[in-house]
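Chemist: One file is attached below, entry_15.cif, containing mmCIF, C-alpha atoms.
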```cif
data_entry
loop_
_atom_site.label_atom_id
_atom_site.label_comp_id
_atom_site.auth_asym_id
_atom_site.auth_seq_id
_atom_site.Cartn_x
_atom_site.Cartn_y
_atom_site.Cartn_z
CA MET A 69 -26.05 35.72 -1.51
CA ARG A 70 -27.21 35.34 2.07
CA ARG A 71 -24.73 35.32 4.94
CA GLU A 72 -25.08 31.53 5.52
CA GLY A 73 -24.37 30.89 1.86
CA PHE A 74 -21.30 33.11 2.02
CA ILE A 75 -19.94 31.18 5.03
CA VAL A 76 -20.51 27.86 3.26
CA LEU A 77 -18.71 29.22 0.17
CA ILE A 78 -15.68 30.35 2.21
CA ALA A 79 -15.53 26.98 4.01
CA ALA A 80 -15.70 25.13 0.70
CA LEU A 81 -12.93 27.24 -0.84
CA VAL A 82 -10.69 26.62 2.18
CA LEU A 83 -11.25 22.88 1.77
CA CYS A 84 -10.40 23.15 -1.93
CA GLN A 85 -6.94 24.44 -1.10
CA GLY A 86 -6.30 21.27 0.90
CA ALA A 87 -7.37 19.07 -1.96
CA LEU A 88 -5.06 20.87 -4.35
CA ALA A 89 -2.19 20.61 -1.91
CA HIS A 90 -2.57 16.84 -2.01
CA MET A 91 0.12 15.10 -4.02
CA PRO A 92 -1.45 11.77 -4.94
CA GLY A 93 0.77 8.72 -4.91
CA ALA A 94 3.30 10.38 -2.62
CA ASP A 95 3.74 7.90 0.22
CA ALA A 96 4.97 8.72 3.69
CA ALA A 97 8.25 7.30 4.97
CA PRO A 98 8.12 3.50 4.58
CA GLU A 99 6.52 1.83 7.53
CA VAL A 100 7.26 -1.80 8.23
CA ASP A 101 3.94 -3.56 8.27
CA LEU A 102 4.82 -7.17 7.65
CA GLY A 103 1.57 -8.47 9.08
CA PRO A 104 1.42 -11.16 11.71
CA ILE A 105 2.12 -14.86 11.42
CA VAL A 106 -1.20 -16.47 12.32
CA VAL A 107 -1.17 -19.99 13.75
CA LEU A 108 -3.73 -22.14 15.52
CA ASP A 109 -2.67 -23.11 19.01
CA ASN A 110 -4.90 -26.10 19.79
CA GLY A 111 -7.50 -24.60 17.49
CA VAL A 112 -7.23 -21.06 18.91
CA PRO A 113 -5.90 -18.45 16.44
CA VAL A 114 -2.76 -16.72 17.68
CA GLU A 115 -1.24 -13.69 15.94
CA ILE A 116 2.54 -13.38 16.20
CA GLY A 117 4.06 -10.07 15.14
CA ILE A 118 7.70 -9.13 14.68
CA ASP A 119 7.45 -7.19 17.96
CA ASP A 120 6.48 -10.37 19.83
CA VAL A 121 9.50 -12.17 18.40
CA ALA A 122 11.77 -9.23 19.27
CA GLU A 123 10.42 -9.21 22.81
CA TYR A 124 11.02 -12.96 23.21
CA HIS A 125 14.51 -12.70 21.74
CA GLY A 126 15.34 -9.82 24.08
CA ARG A 127 13.96 -11.72 27.07
CA LEU A 128 16.12 -14.80 26.37
CA GLU A 129 19.17 -12.60 25.83
CA GLY A 130 18.46 -10.67 29.03
CA GLU A 131 18.19 -7.48 27.06
CA GLU A 132 15.61 -5.01 25.82
CA PRO A 133 13.38 -6.26 23.00
CA HIS A 134 15.27 -6.11 19.74
CA ALA A 135 15.05 -7.68 16.32
CA CYS A 136 18.44 -8.55 14.88
CA ILE A 137 19.05 -9.62 11.28
CA CYS A 138 18.66 -13.31 12.11
CA CYS A 139 15.42 -12.70 14.02
CA VAL A 140 13.95 -10.70 11.18
CA CYS A 141 15.22 -13.20 8.63
CA MET A 142 13.60 -16.18 10.37
CA TYR A 143 10.37 -14.20 10.76
CA ARG A 144 10.28 -13.48 7.02
CA VAL A 145 11.13 -17.12 6.25
CA LEU A 146 8.24 -18.35 8.38
CA LEU A 147 5.84 -15.75 7.02
CA ALA A 148 6.71 -16.60 3.42
CA GLY A 149 7.06 -20.35 4.02
CA ILE A 150 3.67 -20.68 5.71
CA ASN A 151 2.10 -18.64 2.95
CA GLU A 152 3.69 -20.85 0.28
CA VAL A 153 2.78 -24.18 1.91
CA TRP A 154 -0.58 -23.45 3.53
CA GLY A 155 -1.82 -20.71 1.21
CA ASP A 156 -4.90 -19.08 2.73
CA GLU A 157 -5.24 -21.76 5.43
CA ILE A 158 -4.12 -21.11 8.99
CA PRO A 159 -1.68 -23.79 10.13
CA GLU A 160 -1.88 -25.62 13.43
CA ARG A 161 1.26 -24.79 15.35
CA SER A 162 1.90 -28.49 15.89
CA ASP A 163 1.84 -29.01 12.11
CA ILE A 164 4.70 -26.60 11.40
CA GLY A 165 8.14 -28.05 10.82
CA VAL A 166 11.17 -25.81 10.34
CA GLN A 167 14.70 -26.72 9.31
CA SER A 168 17.32 -24.00 9.49
CA ARG A 169 20.98 -23.86 8.60
CA LEU A 170 21.11 -20.48 10.27
CA VAL A 171 21.94 -21.46 13.83
CA SER A 172 22.29 -18.04 15.46
CA ASP A 173 20.44 -16.98 18.62
CA GLY A 174 18.13 -14.66 16.73
CA ALA A 175 17.04 -17.32 14.23
CA LEU A 176 16.70 -19.96 16.93
CA HIS A 177 14.64 -17.75 19.22
CA ALA A 178 12.33 -16.58 16.43
CA ALA A 179 11.74 -20.17 15.29
CA TRP A 180 11.27 -21.33 18.90
CA TYR A 181 8.66 -18.67 19.50
CA VAL A 182 6.62 -19.31 16.37
CA THR A 183 6.77 -23.10 16.55
CA GLY A 184 6.25 -23.07 20.31
CA THR A 185 9.28 -25.28 20.84
CA GLY A 186 11.28 -22.90 23.01
CA PRO A 187 11.22 -22.19 26.74
CA GLY A 188 8.65 -19.70 28.04
CA THR A 189 6.72 -19.26 24.80
CA GLY A 190 3.42 -19.93 26.55
CA ALA A 191 2.34 -22.09 23.63
CA GLY A 192 -0.18 -24.88 24.19
CA SER A 193 1.19 -26.95 21.32
CA ALA A 194 4.50 -27.20 19.52
CA GLY A 195 5.72 -27.90 16.03
CA ARG A 196 9.17 -29.17 15.17
CA LEU A 197 12.40 -27.22 14.81
CA THR A 198 15.60 -28.71 13.47
CA LEU A 199 18.87 -26.83 13.22
CA VAL A 200 21.10 -28.17 10.47
CA ALA A 201 24.89 -28.24 10.54
CA PRO A 202 26.90 -27.04 7.54
CA ASN A 203 27.48 -30.66 6.49
CA GLY A 204 23.71 -31.15 6.19
CA SER A 205 23.20 -33.30 9.26
CA ALA A 206 20.74 -32.39 12.00
CA LEU A 207 22.39 -30.65 14.90
CA ALA A 208 22.04 -32.67 18.11
CA ASP A 209 23.49 -30.08 20.47
CA TYR A 210 21.82 -26.65 20.43
CA SER A 211 24.18 -25.20 23.04
CA LYS A 212 25.52 -21.71 22.42
CA GLN A 213 29.11 -23.01 22.22
CA VAL A 214 28.36 -25.42 19.41
CA ARG A 215 26.28 -22.89 17.51
CA MET A 216 28.92 -20.17 17.93
CA ALA A 217 31.55 -22.47 16.52
CA ILE A 218 29.41 -22.98 13.43
CA ALA A 219 28.57 -19.27 13.18
CA LYS A 220 32.24 -18.32 12.90
CA ASN A 221 32.28 -19.33 9.25
CA ARG A 222 28.88 -17.99 8.35
CA CYS A 223 28.33 -17.56 4.65
CA LEU A 224 25.48 -17.23 2.17
CA ASP A 225 24.87 -21.02 2.20
CA ASP A 226 23.84 -20.80 5.85
CA TYR A 227 20.75 -18.81 4.91
CA ARG A 228 18.87 -21.92 3.85
CA PHE A 229 15.55 -22.88 5.39
CA GLU A 230 12.82 -25.43 4.92
CA VAL A 231 9.25 -25.02 6.11
CA THR A 232 7.26 -28.25 6.17
CA ARG A 233 3.62 -29.18 6.70
CA LEU A 234 4.23 -32.17 8.93
CA SER A 235 0.83 -33.77 8.34
CA THR A 236 1.28 -33.97 4.56
CA GLY A 237 5.04 -33.71 4.09
CA GLU A 238 4.55 -30.75 1.77
CA SER A 239 7.46 -28.33 2.11
CA VAL A 240 9.21 -25.33 0.65
CA THR A 241 12.91 -24.55 0.69
CA LEU A 242 13.86 -20.90 0.95
CA THR A 243 17.32 -19.44 0.39
CA LEU A 244 18.29 -15.81 0.62
CA ARG A 245 19.34 -14.05 -2.58
CA GLU A 246 23.02 -13.26 -2.95
CA ASP A 247 22.40 -9.69 -4.12
CA LEU A 248 20.67 -8.94 -0.83
CA PHE A 249 23.96 -8.89 1.04
CA PRO A 250 26.21 -5.83 0.75
CA GLU A 251 29.58 -6.48 -0.87
CA GLY A 252 32.12 -7.90 1.55
CA PHE A 253 29.53 -8.33 4.29
CA PHE A 254 30.66 -11.76 5.49
CA GLU A 255 34.37 -10.84 5.47
CA LEU A 256 33.64 -7.72 7.49
CA ARG A 257 31.44 -9.69 9.88
CA ARG A 258 34.22 -12.15 10.50
CA ALA A 259 36.77 -9.39 11.07
CA VAL A 260 34.50 -7.49 13.46
CA ASN A 261 32.66 -10.25 15.35
CA VAL A 262 34.95 -13.29 15.19
CA ASP A 263 38.61 -12.39 14.61
CA LYS A 264 38.30 -8.93 16.25
CA THR A 265 40.88 -7.57 13.83
CA ALA A 266 38.71 -4.86 12.31
CA THR A 267 39.78 -1.23 12.38
CA GLU A 268 37.41 1.46 13.60
CA ALA A 269 36.57 2.36 10.04
CA GLU A 270 35.80 -1.26 9.21
CA SER A 271 33.61 -1.57 12.30
CA ALA A 272 31.68 1.52 11.31
CA GLU A 273 31.34 0.19 7.76
CA PHE A 274 30.06 -3.13 9.08
CA LEU A 275 27.51 -1.41 11.31
CA GLU A 276 26.24 0.56 8.35
CA LYS A 277 25.99 -2.54 6.18
CA TRP A 278 24.36 -4.49 8.98
CA SER A 279 21.67 -1.83 9.43
CA SER A 280 21.11 -1.60 5.71
CA LEU A 281 20.76 -5.40 5.41
CA ARG A 282 18.27 -5.54 8.27
CA ALA A 283 16.23 -2.75 6.73
CA ASP A 284 16.22 -4.61 3.41
CA ILE A 285 15.12 -7.88 5.00
CA LEU A 286 12.37 -6.01 6.83
CA GLN A 287 11.10 -4.01 3.90
CA LYS A 288 11.71 -5.90 0.68
CA PRO A 289 9.00 -8.11 -0.80
CA ASP A 290 9.40 -11.89 -0.62
CA TYR A 291 10.51 -12.23 -4.24
CA GLU A 292 13.41 -9.86 -3.61
CA LEU A 293 14.50 -11.84 -0.56
CA PHE A 294 14.20 -15.45 -1.62
CA ASN A 295 15.50 -17.19 -4.72
CA GLU A 296 12.53 -19.57 -4.81
CA ILE A 297 9.75 -17.00 -4.90
CA GLU A 298 8.81 -15.64 -8.28
CA PRO A 299 7.88 -11.97 -8.67
CA PRO A 300 4.18 -11.38 -9.34
CA GLU A 301 3.29 -11.15 -12.99
CA GLU A 302 2.89 -7.59 -14.17
CA GLU A 303 -0.54 -6.73 -15.44
CA GLU A 304 -0.69 -5.62 -19.05
CA PRO A 305 -1.85 -2.00 -19.27
CA ASP A 306 -5.44 -1.65 -20.45
CA VAL A 307 -4.65 0.53 -23.44
CA LEU A 308 -8.14 0.39 -24.96
CA CYS A 309 -9.99 1.64 -21.88
CA GLY A 310 -7.29 4.20 -21.13
CA GLY A 311 -7.43 5.40 -24.73
CA VAL A 312 -11.22 5.72 -24.63
CA PHE A 313 -10.96 7.77 -21.44
CA LEU A 314 -8.34 10.09 -22.91
CA ALA A 315 -10.33 10.47 -26.13
CA LEU A 316 -13.49 11.35 -24.21
CA LEU A 317 -11.53 13.83 -22.12
CA CYS A 318 -10.14 15.50 -25.25
CA ILE A 319 -13.57 15.58 -26.92
CA MET A 320 -15.07 17.09 -23.77
CA GLY A 321 -12.37 19.76 -23.59
CA ALA A 322 -12.65 20.58 -27.29
CA GLY A 323 -16.45 20.74 -27.03
CA ILE A 324 -16.28 23.24 -24.20
CA VAL A 325 -13.77 25.42 -26.07
CA LEU A 326 -15.89 25.34 -29.25
CA MET A 327 -19.03 26.21 -27.31
CA GLY A 328 -17.25 29.17 -25.75
CA LYS A 329 -15.97 30.41 -29.13
CA LYS A 330 -19.38 30.01 -30.74
CA ARG A 331 -20.94 32.10 -28.00
CA ARG A 332 -18.51 34.95 -28.67
CA MET B 1019 -42.05 27.20 -14.50
CA ASN B 1020 -41.98 25.11 -17.69
CA GLN B 1021 -41.29 21.41 -18.14
CA ASN B 1022 -37.64 21.95 -19.12
CA SER B 1023 -37.06 23.84 -15.91
CA ASN B 1024 -38.58 20.97 -13.93
CA ILE B 1025 -36.33 18.45 -15.65
CA LEU B 1026 -33.25 20.59 -15.04
CA SER B 1027 -34.19 21.04 -11.37
CA LEU B 1028 -34.60 17.30 -10.98
CA TYR B 1029 -31.30 16.67 -12.75
CA ILE B 1030 -29.38 19.15 -10.57
CA GLY B 1031 -31.05 17.74 -7.48
CA LEU B 1032 -30.12 14.17 -8.35
CA LEU B 1033 -26.56 15.21 -9.22
CA GLY B 1034 -26.30 17.01 -5.88
CA LEU B 1035 -27.64 14.02 -4.01
CA VAL B 1036 -25.23 11.60 -5.70
CA THR B 1037 -22.32 14.03 -5.14
CA LEU B 1038 -23.24 14.32 -1.46
CA ALA B 1039 -23.49 10.53 -1.14
CA PHE B 1040 -20.13 9.97 -2.85
CA GLY B 1041 -18.51 12.63 -0.66
CA LEU B 1042 -19.82 10.98 2.48
CA ALA B 1043 -18.73 7.56 1.16
CA ASP B 1044 -15.21 8.93 0.57
CA ILE B 1045 -15.03 10.17 4.15
CA LEU B 1046 -16.51 7.01 5.66
CA VAL B 1047 -14.16 4.73 3.75
CA TRP B 1048 -11.20 6.85 4.85
CA ALA B 1049 -12.49 6.72 8.44
CA GLY B 1050 -12.35 2.95 8.32
CA ALA B 1051 -15.98 2.00 7.74
CA SER B 1052 -14.66 -0.14 4.89
CA PRO B 1053 -11.12 -1.16 3.91
CA GLY B 1054 -11.72 0.46 0.52
CA PHE B 1055 -13.80 -0.97 -2.26
CA SER B 1056 -14.03 -1.25 -5.99
CA ILE B 1057 -17.28 -1.93 -7.83
CA GLY B 1058 -17.07 -2.09 -11.61
CA ILE B 1059 -15.33 1.09 -12.74
CA LEU B 1060 -15.82 2.85 -9.38
CA GLU B 1061 -13.13 2.75 -6.75
CA ILE B 1062 -12.85 4.39 -3.34
CA ALA B 1063 -9.46 3.51 -1.90
CA GLY B 1064 -9.74 5.64 1.23
CA ASP B 1065 -6.03 5.34 1.95
CA ASP B 1066 -5.04 9.00 2.00
CA PHE B 1067 -6.35 11.75 4.27
CA PHE B 1068 -6.11 14.63 1.83
CA ARG B 1069 -7.66 12.80 -1.07
CA TRP B 1070 -10.44 10.92 0.63
CA ALA B 1071 -11.30 12.80 3.85
CA TRP B 1072 -10.61 16.34 2.68
CA GLY B 1073 -11.54 15.65 -0.92
CA GLY B 1074 -14.68 13.91 0.34
CA ALA B 1075 -15.56 17.02 2.32
CA VAL B 1076 -15.17 19.11 -0.85
CA MET B 1077 -17.56 16.73 -2.61
CA VAL B 1078 -20.02 17.00 0.28
CA PHE B 1079 -19.96 20.79 -0.09
CA GLY B 1080 -20.47 20.36 -3.83
CA GLY B 1081 -23.61 18.35 -3.13
CA LEU B 1082 -24.78 20.84 -0.51
CA PHE B 1083 -24.43 23.68 -3.02
CA MET B 1084 -26.34 21.84 -5.72
CA LEU B 1085 -29.25 20.58 -3.65
CA PRO B 1086 -30.78 23.97 -2.72
CA SER B 1087 -30.24 25.26 -6.26
CA MET B 1088 -33.01 22.89 -7.39
CA LYS B 1089 -35.53 25.60 -6.52
CA ASN B 1090 -35.75 28.21 -9.28
CA VAL B 1091 -32.61 26.97 -11.02
CA GLY B 1092 -33.39 29.40 -13.84
CA THR B 1093 -32.43 32.40 -11.73
CA MET B 1094 -28.86 33.69 -11.69
CA GLU B 1095 -28.43 33.23 -7.94
CA GLN B 1096 -29.68 29.65 -7.87
CA PHE B 1097 -27.82 28.61 -10.99
CA GLY B 1098 -24.69 30.13 -9.46
CA LYS B 1099 -24.98 27.66 -6.60
CA ALA B 1100 -25.23 24.78 -9.06
CA VAL B 1101 -22.10 26.06 -10.82
CA LEU B 1102 -20.23 26.27 -7.51
CA GLY B 1103 -21.30 22.71 -6.69
CA ALA B 1104 -20.13 21.50 -10.08
CA ALA B 1105 -16.86 23.41 -9.59
CA MET B 1106 -16.21 21.34 -6.46
CA ILE B 1107 -16.50 18.19 -8.57
CA TRP B 1108 -14.21 19.68 -11.24
CA ILE B 1109 -11.55 20.47 -8.67
CA ILE B 1110 -11.47 16.94 -7.24
CA ALA B 1111 -11.81 15.26 -10.63
CA GLY B 1112 -9.12 17.59 -11.99
CA THR B 1113 -6.67 16.65 -9.25
CA ASP B 1114 -7.46 12.95 -9.80
CA ILE B 1115 -6.84 13.20 -13.53
CA PHE B 1116 -3.69 15.24 -12.93
CA ALA B 1117 -2.51 12.55 -10.50
CA ARG B 1118 -3.03 9.89 -13.14
CA LEU B 1119 -1.14 12.00 -15.66
CA CYS B 1120 1.79 12.41 -13.28
CA GLU B 1121 1.82 8.74 -12.33
CA SER B 1122 1.67 7.61 -15.95
CA ILE B 1123 4.63 9.63 -17.21
CA PRO B 1124 7.43 7.75 -15.39
CA ALA B 1125 7.88 3.99 -15.75
CA GLY B 1126 7.46 1.80 -12.69
CA GLU B 1127 10.04 1.65 -9.91
CA GLU B 1128 11.30 -1.69 -11.18
CA ALA B 1129 11.81 -0.54 -14.76
CA PRO B 1130 15.33 0.51 -15.77
CA GLU B 1131 14.10 3.38 -17.97
CA PHE B 1132 12.63 6.58 -16.56
CA PHE B 1133 9.82 7.32 -19.04
CA ASN B 1134 6.83 5.03 -19.46
CA SER B 1135 6.00 3.46 -22.82
CA LEU B 1136 3.09 4.93 -24.80
CA ALA B 1137 0.96 1.88 -23.98
CA GLY B 1138 1.85 2.18 -20.31
CA PHE B 1139 1.01 5.88 -20.36
CA VAL B 1140 -2.39 5.40 -22.00
CA GLY B 1141 -3.09 2.34 -19.83
CA GLY B 1142 -2.61 4.52 -16.77
CA PHE B 1143 -5.95 6.15 -17.54
CA ALA B 1144 -7.85 2.86 -17.50
CA PRO B 1145 -10.56 2.17 -14.90
CA PRO B 1146 -11.32 2.05 -12.02
CA TYR B 1147 -12.03 5.73 -11.44
CA SER B 1148 -12.76 7.83 -8.40
CA PRO B 1149 -16.37 9.03 -7.87
CA ALA B 1150 -15.41 12.60 -8.87
CA ILE B 1151 -14.14 11.46 -12.29
CA LEU B 1152 -17.30 9.43 -12.84
CA LEU B 1153 -19.44 12.47 -11.99
CA LEU B 1154 -17.47 14.73 -14.33
CA PRO B 1155 -19.47 14.02 -17.54
CA PHE B 1156 -22.72 14.59 -15.67
CA THR B 1157 -21.66 18.16 -14.90
CA LEU B 1158 -21.43 18.91 -18.63
CA VAL B 1159 -25.04 20.08 -18.56
CA VAL B 1160 -24.01 22.79 -16.09
CA VAL B 1161 -21.01 23.67 -18.28
CA TYR B 1162 -23.23 23.89 -21.36
CA LEU B 1163 -25.71 26.19 -19.64
CA LEU B 1164 -22.89 28.27 -18.19
CA VAL B 1165 -20.96 28.68 -21.43
CA THR B 1166 -24.01 29.35 -23.57
CA GLY B 1167 -25.66 31.48 -20.89
CA ARG B 1168 -28.99 29.77 -21.52
CA PHE B 1169 -29.73 28.76 -17.96
CA ASP B 1170 -32.51 31.37 -17.76
CA GLU B 1171 -34.17 30.05 -20.93
CA VAL B 1172 -34.94 26.58 -19.61
#
```
Do you think you could lay out the structure here as structure tokens?

Modeler:
Amino acid sequence: MRREGFIVLIAALVLCQGALAHMPGADAAPEVDLGPIVVLDNGVPVEIGIDDVAEYHGRLEGEEPHACICCVCMYRVLLAGINEVWGDEIPERSDIGVQSRLVSDGALHAAWYVTGTGPGTGAGSAGRLTLVAPNGSALADYSKQVRMAIAKNRCLDDYRFEVTRLSTGESVTLTLREDLFPEGFFELRRAVNVDKTATEAESAEFLEKWSSLRADILQKPDYELFNEIEPPEEEEPDVLCGGVFLALLCIMGAGIVLMGKKRR
Amino acid sequence: MNQNSNILSLYIGLLGLVTLAFGLADILVWAGASPGFSIGILEIAGDDFFRWAWGGAVMVFGGLFMLPSMKNVGTMEQFGKAVLGAAMIWIIAGTDIFARLCESIPAGEEAPEFFNSLAGFVGGFAPPYSPAILLLPFTLVVVYLLVTGRFDEV
């Protein structure tokens, strides 16, 4: 074999080692790629990512950009809600109506930013945002004091949202699944954030549960977050085609072995 | 050079050309020229560097080995190149089939049991297939000539 051929052979064999080293199906560490919420702002498409919401939330709080549980939760609600109500269509921002029983800063800021109803969003149009009190009535006063008073007794029922297409009245109600929350989460939250009676161990436990819950809300699919969203139907395995493939593979292998034996 | 030799040369040449094209397609799809596509039973996902960029490069080399072996394929040296080209396809197709085997043994993440059902296992080998698997049966001619040692008789 000529020298050029030898070099090509060596290069090819080196490449083969890489292909063998590949472990198909082995994913890297999970990356959070939720995809943006896309809305039309006076007809102009605007993409809103979780980072934009985190930046806005941080700005209003006078802090660095950060996405708390409530921020992330509202983002997922809007992403799923818009998908459920509008399907493949892109909604006009002014056509989006949101009702939320979660009245925390994070949820409020995320909803403000997406609907364009908050201060400094830079939106050219605005939808409608309504915070709902625990008794079901619309909250008139969005001041921090009033919302904090409500937040003291936060429970699973507060994670209830409604996304509405204002022009048609079509809407979807989304509630978070109970099994999403770690055991004793709300009691710990109250002890740590409200009553301030938590021990150091309890505070550490709460922090761990808080981080775990946020990661779950960020990473889990919609049907594992919301009671109202059904899991996608599993496809039945194509046994016939798979069987034909396996049979052909076996025949091929047997044929090669028989040919080799016959030759000997 | 007899007619059989001409046919074999043409066959190896075409196989090399298709292998080269599929290899380049693997690399291009991985590089982002397309978000991945599936036509009929052929699928190029292009989502993994080692499988699609590196594996594509192996396929390209397979094609590059086969193409020059068209000339005088009946000689040992030239047929050897065709065998090396086919071996590149076997390696990639082999890893793809092994991947399917490994993926089909356990049940899905959602399932409570660890092992897949028989139907699930067999169904794991259903289409679509990667280009290397689709090319595999076409390399049988090379295998036949290699095993029987009749490459110099054509």

Chemist: Apply the PyMOL selection byres ((chain B and resi 1133) around 9) to the structure shown and report the selected residues as a list in words.

Modeler: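 Output from the PyMOL selection byres ((chain B and resi 1133) around 9), applied to this file: Ser1122, Ile1123, Pro1124, Ala1125, Gly1126, Glu1131, Phe1132, Asn1134 and Ser1135 of chain B.
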
Chemist: Could you write out as a PyMOL selection string the residues that the PyMOL selection byres ((chain B) within 10 of (chain A)) matches in the shown file?

Modeler: chain B and resi 1066-1080+1082-1083+1095-1096+1098-1099+1102-1103+1106+1109-1110+1112-1118+1120-1121+1136-1146+1154-1155+1158+1161-1162+1164-1167

Chemist: How far is it from atom CA of Asn1024 of chain B to atom CA of Ala1105 of chain B, in Å with one decimal?

Modeler: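 Taking atom CA of Asn1024 of chain B as the start and atom CA of Ala1105 of chain B as the end point, the length is 22.3 Å.
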
Chemist: Kindly give the distance, in Å, that separates atom CA of Phe1156 of chain B and atom CA of Ala1039 of chain B, rounded to a single decimal.

Modeler: 15.1 Å

Chemist: Tyr124 of chain A: which residues within 8 Å, counting all atoms listed in the file, same-chain residues fewer than 5 positions away excluded, as a PDB file with C-alpha atoms, in the coordinates of the input?

Modeler:
```
ATOM      1  CA  PRO A 133      13.380  -6.260  23.000  1.00  0.00           C
ATOM      2  CA  HIS A 177      14.640 -17.750  19.220  1.00  0.00           C
ATOM      3  CA  ALA A 178      12.330 -16.580  16.430  1.00  0.00           C
ATOM      4  CA  TYR A 181       8.660 -18.670  19.500  1.00  0.00           C
ATOM      5  CA  THR A 189       6.720 -19.260  24.800  1.00  0.00           C
TER       6      THR A 189
END
```

Chemist: Can you work out the spacing between atom CA of Gln287 of chain A and atom CA of Gly174 of chain A in Å, to one decimal?

Modeler: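 Computing the Euclidean distance for atom CA of Gln287 of chain A and atom CA of Gly174 of chain A yields 18.1 Å.
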
Chemist: If we count only C-alpha atoms, what is near Lys288 of chain A at a cut-off of 12 Å, once residues fewer than 4 positions away on the same chain are taken out, given as a PyMOL selection string?

Modeler: chain A and resi 98-102+140-141+144+244-245+248+280-284+292-294+299

Chemist: Given all atoms listed in the file as the basis, pick out the residue of B:Ile1107, B:Leu1119, B:Leu1035, B:Ile1045 nearest to Leu1085 of chain B.

Modeler: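 Comparing B:Ile1107, B:Leu1119, B:Leu1035, B:Ile1045 against Leu1085 of chain B, the winner is B:Leu1035.
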
Chemist: For Gly1054 of chain B, work out the shell of residues within 8 Å, counting all atoms listed in the file and skipping chain neighbours fewer than 4 positions away, then give it as an MDAnalysis selection string.

Modeler: chainID B and resid 1047:1048 1061:1065

Chemist: Show which residues sit within 7 Å of Pro104 of chain A, as a list in words. Count all atoms listed in the file, and ignore same-chain residues fewer than 5 positions away.

Modeler: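 The residues satisfying every condition are Glu115, Ile116 and Gly117 of chain A.
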
Chemist: For the file shown, what are the residues hit by the PyMOL selection byres ((chain A and resi 135) around 8), laid out as a list in words?

Modeler: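 Residues picked by the PyMOL selection byres ((chain A and resi 135) around 8): Ile118, Asp119, Val121, Ala122, His125, Pro133, His134, Cys136, Ile137, Cys138, Cys139, Val140 and Gly174 of chain A.
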
Chemist: Quick one: 3 Å padding each side, axis-aligned, all listed atoms of segment 1144-1156 of chain B - centre and edge lengths in Å to one decimal, as JSON?

Modeler:
```
{"center_x": -15.3, "center_y": 8.4, "center_z": -12.7, "size_x": 20.9, "size_y": 18.7, "size_z": 15.7}
```

Chemist: Within 12 Å of Gly252 of chain A, counting all atoms listed in the file, which residues qualify if same-chain residues fewer than 5 places away don't, as a ChimeraX atom specification?

Modeler: /A:223-224,246-247,257-259,270,273-274,277-278
